[in-house]
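*Asks:* First the structure, which I've put down as structure tokens, then a few questions once you've had a look.
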Amino acid sequence: MFLWRTLRGEWNGIIVDPVRQLRRRGLPALSLAFLAAFGVIFFHAIAQHPAGATAVRLLGGVYADLPLWLALLRTPVSLYVPALDLPVWAGITQLFLAFALAELALGRARTLLISYVTTLAGTLTVRVMLAIGPGWHGIGLPPEIGQVLDTGPSAAVVGLFTYISVVRRAPIVFTLTGGSMVWESIAVPNLAGREHLIAVAAAIVLALVHEHTRRRTAKPSSPTTPGSVPTPCPTTGRPSLLP
């Protein structure tokens, strides 16, 4: 029964509620998701030609040995550059679903913030790992990793799913998202696996900060003292919004 109640709650919070928002607001509510998917398709199409591949690399190719200012400049574009070692269309499907659910459940501004921060967290942490160097309890990375192309929206996708599962209190989705990333980092210990773990951690921090801020800014209910009489509202001909 506990598992059934958990599944039903997650279905309502992560699927049913966004679908209701979509029915109420229409397709314009998915503008960010469509933009992200079409962006990946566009960069994938032009990268099939030598001149286009060079342009994509110059605009969105992020490497850890680039100057920091140049990596930061290319990071927003790198979200739309598909990773070379992953199926493009499967990645586009995951990208669209993650951005669509996040846009409907969280809004455009927070979706953009989470996707960018989780991607940037991985990019910056890799630089720290390279500075540490290999051999430090498996945390450091060898210098040749600095030449590995570090692009793709996968960190943003992982971050969005993780964030939604935390704020919507969906432990099963969280376990599937975070657990799959842990398994990936163990089974295939590469740069992408590490960045996905970093994206999960960054999304958890962002979600916890949001929940803490929301609780602090929520107006506490005013207790009613026994025997006290509520202050009457002035008669203005309109219903008062004050308690």
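Numbering starts fresh at 1 for the residues of each chain in the structure tokens, the chains themselves are lettered A, B, ... in the order given, and ligands are numbered from 1 as they appear.
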Enumerate, in order of chain and increasing residue number, the residues of stretch 65-119 of chain A with an atom no farther than 7 Å from stretch 35-48 of chain A, each with its shortest atom pair and distance in Å to one decimal, counting only C-alpha atoms, as JSON lines.
*Replies:*
```
{"residue": "A:Tyr80", "atom": "CA", "partner": "A:Val40", "partner_atom": "CA", "distance": 4.6}
{"residue": "A:Val81", "atom": "CA", "partner": "A:Val40", "partner_atom": "CA", "distance": 5.7}
{"residue": "A:Pro82", "atom": "CA", "partner": "A:Val40", "partner_atom": "CA", "distance": 6.1}
{"residue": "A:Ile92", "atom": "CA", "partner": "A:Ala37", "partner_atom": "CA", "distance": 5.8}
{"residue": "A:Leu95", "atom": "CA", "partner": "A:Ala37", "partner_atom": "CA", "distance": 6.7}
{"residue": "A:Phe96", "atom": "CA", "partner": "A:Ala37", "partner_atom": "CA", "distance": 5.8}
```
*Asks:* Those same residues - N, CA, C and O atoms - I'd like them written as a PDB file, in the first residue's frame.
*Replies:*
```
ATOM      1  N   TYR A  80      22.997  22.921 -26.300  1.00  0.00           N
ATOM      2  CA  TYR A  80      22.280  22.517 -27.507  1.00  0.00           C
ATOM      3  C   TYR A  80      23.140  21.683 -28.454  1.00  0.00           C
ATOM      4  O   TYR A  80      22.668  21.279 -29.507  1.00  0.00           O
ATOM      5  N   VAL A  81      24.382  21.465 -28.088  1.00  0.00           N
ATOM      6  CA  VAL A  81      25.280  20.677 -28.935  1.00  0.00           C
ATOM      7  C   VAL A  81      25.200  19.227 -28.490  1.00  0.00           C
ATOM      8  O   VAL A  81      25.553  18.906 -27.356  1.00  0.00           O
ATOM      9  N   PRO A  82      24.732  18.319 -29.332  1.00  0.00           N
ATOM     10  CA  PRO A  82      24.592  16.923 -28.906  1.00  0.00           C
ATOM     11  C   PRO A  82      25.951  16.284 -28.674  1.00  0.00           C
ATOM     12  O   PRO A  82      26.926  16.564 -29.368  1.00  0.00           O
ATOM     13  N   ILE A  92      17.277  13.739 -27.669  1.00  0.00           N
ATOM     14  CA  ILE A  92      16.292  14.804 -27.903  1.00  0.00           C
ATOM     15  C   ILE A  92      14.979  14.475 -27.183  1.00  0.00           C
ATOM     16  O   ILE A  92      14.333  15.363 -26.605  1.00  0.00           O
ATOM     17  N   LEU A  95      15.502  15.163 -23.570  1.00  0.00           N
ATOM     18  CA  LEU A  95      15.619  16.604 -23.393  1.00  0.00           C
ATOM     19  C   LEU A  95      14.248  17.269 -23.424  1.00  0.00           C
ATOM     20  O   LEU A  95      13.925  18.099 -22.559  1.00  0.00           O
ATOM     21  N   PHE A  96      13.438  16.929 -24.414  1.00  0.00           N
ATOM     22  CA  PHE A  96      12.118  17.544 -24.538  1.00  0.00           C
ATOM     23  C   PHE A  96      11.250  17.203 -23.331  1.00  0.00           C
ATOM     24  O   PHE A  96      10.551  18.077 -22.791  1.00  0.00           O
TER      25      PHE A  96
END
```
*Asks:* What are the DSSP helix (DSSP H, G or I) residues of stretch 20-124 of chain A, as a PyMOL selection string?
*Replies:* chain A and resi 20-25+27-46+50-60+68-78+88-106+108-124
*Asks:* With only C-alpha atoms as the basis for distance, which of A:Ala170, A:Ala100, A:Val205, A:Leu191 is at the shortest distance from A:Arg5?
*Replies:*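 The answer is A:Ala170, which sits nearest to A:Arg5.
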*Asks:* Sorted by chain and rising residue number, which residues of stretch 149-191 of chain A lie within 12 Å of stretch 103-115 of chain A, and what are their closest atom pairs and distances in Å to one decimal, counting only C-alpha atoms, as a tab-separated table?
*Replies:*
```
residue	atom	partner	partner_atom	distance
A:Gly152	CA	A:Ser115	CA	11.5
A:Pro153	CA	A:Ser115	CA	8.4
A:Ser154	CA	A:Ser115	CA	9.6
A:Ala155	CA	A:Ser115	CA	7.7
A:Ala156	CA	A:Ser115	CA	4.3
A:Val157	CA	A:Ser115	CA	7.2
A:Val158	CA	A:Ser115	CA	8.8
A:Gly159	CA	A:Ser115	CA	6.5
A:Leu160	CA	A:Ser115	CA	6.4
A:Phe161	CA	A:Ser115	CA	10.1
A:Thr162	CA	A:Ile114	CA	10.1
A:Tyr163	CA	A:Ile114	CA	7.9
A:Ile164	CA	A:Ala105	CA	8.0
A:Ser165	CA	A:Ala105	CA	11.0
A:Val167	CA	A:Leu106	CA	9.6
A:Arg168	CA	A:Ala105	CA	9.2
```
*Asks:* Put those residues in a file: all heavy atoms, as a CSV table (one decimal), in the first residue's frame.
*Replies:*
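Final output, saved to selection_13.csv:
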```
chain,number,residue,atom,x,y,z
A,152,GLY,N,26.7,18.9,-24.6
A,152,GLY,CA,25.5,18.1,-24.5
A,152,GLY,C,24.6,18.6,-23.4
A,152,GLY,O,25.1,19.1,-22.4
A,153,PRO,N,23.3,18.3,-23.5
A,153,PRO,CA,22.3,18.7,-22.5
A,153,PRO,C,22.1,17.7,-21.5
A,153,PRO,O,21.2,17.8,-20.6
A,153,PRO,CB,21.1,18.9,-23.4
A,153,PRO,CG,21.2,17.9,-24.5
A,153,PRO,CD,22.7,17.8,-24.8
A,154,SER,N,22.9,16.6,-21.4
A,154,SER,CA,22.5,15.5,-20.5
A,154,SER,C,22.6,15.9,-19.0
A,154,SER,O,21.8,15.5,-18.2
A,154,SER,CB,23.5,14.3,-20.7
A,154,SER,OG,24.8,14.7,-20.6
A,155,ALA,N,23.6,16.8,-18.7
A,155,ALA,CA,23.7,17.2,-17.3
A,155,ALA,C,22.4,18.0,-16.9
A,155,ALA,O,21.9,17.9,-15.8
A,155,ALA,CB,24.9,18.0,-17.1
A,156,ALA,N,22.0,18.9,-17.8
A,156,ALA,CA,20.8,19.7,-17.6
A,156,ALA,C,19.5,18.8,-17.4
A,156,ALA,O,18.7,19.0,-16.6
A,156,ALA,CB,20.5,20.7,-18.7
A,157,VAL,N,19.4,17.7,-18.2
A,157,VAL,CA,18.3,16.8,-18.2
A,157,VAL,C,18.3,16.1,-16.8
A,157,VAL,O,17.3,16.0,-16.1
A,157,VAL,CB,18.4,15.8,-19.3
A,157,VAL,CG1,17.4,14.7,-19.1
A,157,VAL,CG2,18.2,16.5,-20.7
A,158,VAL,N,19.5,15.6,-16.4
A,158,VAL,CA,19.6,14.9,-15.1
A,158,VAL,C,19.3,15.9,-14.0
A,158,VAL,O,18.5,15.5,-13.0
A,158,VAL,CB,21.0,14.3,-14.9
A,158,VAL,CG1,21.2,13.8,-13.5
A,158,VAL,CG2,21.2,13.2,-15.9
A,159,GLY,N,19.8,17.1,-14.1
A,159,GLY,CA,19.5,18.1,-13.0
A,159,GLY,C,18.0,18.4,-12.9
A,159,GLY,O,17.5,18.6,-11.8
A,160,LEU,N,17.3,18.6,-14.0
A,160,LEU,CA,15.9,18.9,-14.0
A,160,LEU,C,15.1,17.8,-13.4
A,160,LEU,O,14.2,18.0,-12.6
A,160,LEU,CB,15.4,19.2,-15.4
A,160,LEU,CG,15.9,20.6,-16.0
A,160,LEU,CD1,15.5,20.7,-17.5
A,160,LEU,CD2,15.4,21.8,-15.2
A,161,PHE,N,15.3,16.6,-13.8
A,161,PHE,CA,14.6,15.4,-13.3
A,161,PHE,C,14.8,15.3,-11.8
A,161,PHE,O,13.9,15.1,-11.0
A,161,PHE,CB,15.0,14.1,-14.0
A,161,PHE,CG,14.2,13.9,-15.2
A,161,PHE,CD1,14.9,13.6,-16.4
A,161,PHE,CD2,12.8,13.9,-15.3
A,161,PHE,CE1,14.2,13.4,-17.6
A,161,PHE,CE2,12.1,13.6,-16.4
A,161,PHE,CZ,12.8,13.4,-17.6
A,162,THR,N,16.1,15.5,-11.3
A,162,THR,CA,16.4,15.4,-9.9
A,162,THR,C,15.7,16.5,-9.1
A,162,THR,O,15.1,16.3,-8.1
A,162,THR,CB,17.9,15.5,-9.7
A,162,THR,OG1,18.6,14.5,-10.4
A,162,THR,CG2,18.3,15.4,-8.2
A,163,TYR,N,15.8,17.7,-9.6
A,163,TYR,CA,15.1,18.9,-9.0
A,163,TYR,C,13.6,18.7,-8.8
A,163,TYR,O,13.0,18.9,-7.7
A,163,TYR,CB,15.4,20.2,-9.7
A,163,TYR,CG,14.9,21.4,-9.1
A,163,TYR,CD1,15.8,22.2,-8.3
A,163,TYR,CD2,13.6,21.9,-9.2
A,163,TYR,CE1,15.3,23.3,-7.6
A,163,TYR,CE2,13.2,23.0,-8.6
A,163,TYR,CZ,14.0,23.7,-7.8
A,163,TYR,OH,13.6,24.9,-7.2
A,164,ILE,N,13.0,18.2,-9.9
A,164,ILE,CA,11.5,18.0,-9.8
A,164,ILE,C,11.2,16.9,-8.8
A,164,ILE,O,10.2,17.0,-8.1
A,164,ILE,CB,11.0,17.6,-11.2
A,164,ILE,CG1,11.1,18.8,-12.2
A,164,ILE,CG2,9.5,17.2,-11.2
A,164,ILE,CD1,10.8,18.5,-13.6
A,165,SER,N,12.0,15.8,-8.8
A,165,SER,CA,11.7,14.7,-7.9
A,165,SER,C,11.9,15.2,-6.4
A,165,SER,O,11.1,14.7,-5.6
A,165,SER,CB,12.6,13.6,-8.2
A,165,SER,OG,14.0,13.9,-7.9
A,167,VAL,N,11.5,18.6,-5.2
A,167,VAL,CA,10.5,19.5,-4.8
A,167,VAL,C,9.1,18.9,-4.9
A,167,VAL,O,8.2,19.4,-4.1
A,167,VAL,CB,10.5,20.8,-5.7
A,167,VAL,CG1,11.9,21.5,-5.5
A,167,VAL,CG2,10.3,20.5,-7.2
A,168,ARG,N,8.9,17.9,-5.7
A,168,ARG,CA,7.6,17.3,-5.7
A,168,ARG,C,7.5,16.0,-4.9
A,168,ARG,O,6.5,15.3,-4.9
A,168,ARG,CB,7.2,16.9,-7.2
A,168,ARG,CG,6.9,18.1,-8.1
A,168,ARG,CD,5.7,18.9,-7.6
A,168,ARG,NE,5.4,20.0,-8.3
A,168,ARG,CZ,4.5,20.2,-9.2
A,168,ARG,NH1,3.8,19.1,-9.6
A,168,ARG,NH2,4.3,21.3,-9.9
```
*Asks:* What does the structure give for the distance between atom CA of A:Met1 and atom CA of A:Arg20, in Å to one decimal?
*Replies:*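 Atom CA of A:Met1 sits 26.1 Å away from atom CA of A:Arg20.
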*Asks:* Write out as an mmCIF file with all heavy atoms, in the first residue's frame each polymer residue whose atoms come within 9 Å of A:Leu72, counting only C-alpha atoms; drop sequence neighbours fewer than 6 positions from it.
*Replies:*
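Saved result, part.cif, follows:
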```
data_model
loop_
_atom_site.group_PDB
_atom_site.id
_atom_site.type_symbol
_atom_site.label_atom_id
_atom_site.label_comp_id
_atom_site.auth_asym_id
_atom_site.auth_seq_id
_atom_site.Cartn_x
_atom_site.Cartn_y
_atom_site.Cartn_z
ATOM 1 N N VAL A 62 33.104 22.967 -25.536
ATOM 2 C CA VAL A 62 33.695 23.276 -24.237
ATOM 3 C C VAL A 62 34.720 22.202 -23.901
ATOM 4 O O VAL A 62 34.414 21.011 -23.930
ATOM 5 C CB VAL A 62 32.623 23.358 -23.141
ATOM 6 C CG1 VAL A 62 33.260 23.567 -21.769
ATOM 7 C CG2 VAL A 62 31.642 24.482 -23.437
ATOM 8 N N LEU A 120 26.787 24.135 -15.535
ATOM 9 C CA LEU A 120 27.966 24.909 -15.160
ATOM 10 C C LEU A 120 28.690 24.288 -13.971
ATOM 11 O O LEU A 120 29.924 24.326 -13.905
ATOM 12 C CB LEU A 120 27.551 26.345 -14.827
ATOM 13 C CG LEU A 120 28.676 27.342 -14.588
ATOM 14 C CD1 LEU A 120 29.540 27.486 -15.831
ATOM 15 C CD2 LEU A 120 28.111 28.690 -14.170
ATOM 16 N N THR A 123 30.930 21.634 -15.360
ATOM 17 C CA THR A 123 32.051 22.213 -16.099
ATOM 18 C C THR A 123 33.121 22.756 -15.154
ATOM 19 O O THR A 123 34.334 22.541 -15.363
ATOM 20 C CB THR A 123 31.548 23.342 -17.016
ATOM 21 O OG1 THR A 123 30.600 22.791 -17.943
ATOM 22 C CG2 THR A 123 32.692 23.970 -17.790
#
```
*Asks:* For A:Phe174, which residue out of A:Ile204, A:Ile145, A:Thr151, A:Ser31 is the nearest one, using only C-alpha atoms?
*Replies:* A:Ile204
*Asks:* Provide the atom CA of A:Tyr63 to atom CA of A:Ile139 distance in Å, to one decimal place.
*Replies:*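 Taking atom CA of A:Tyr63 and atom CA of A:Ile139, their separation equals 18.5 Å.
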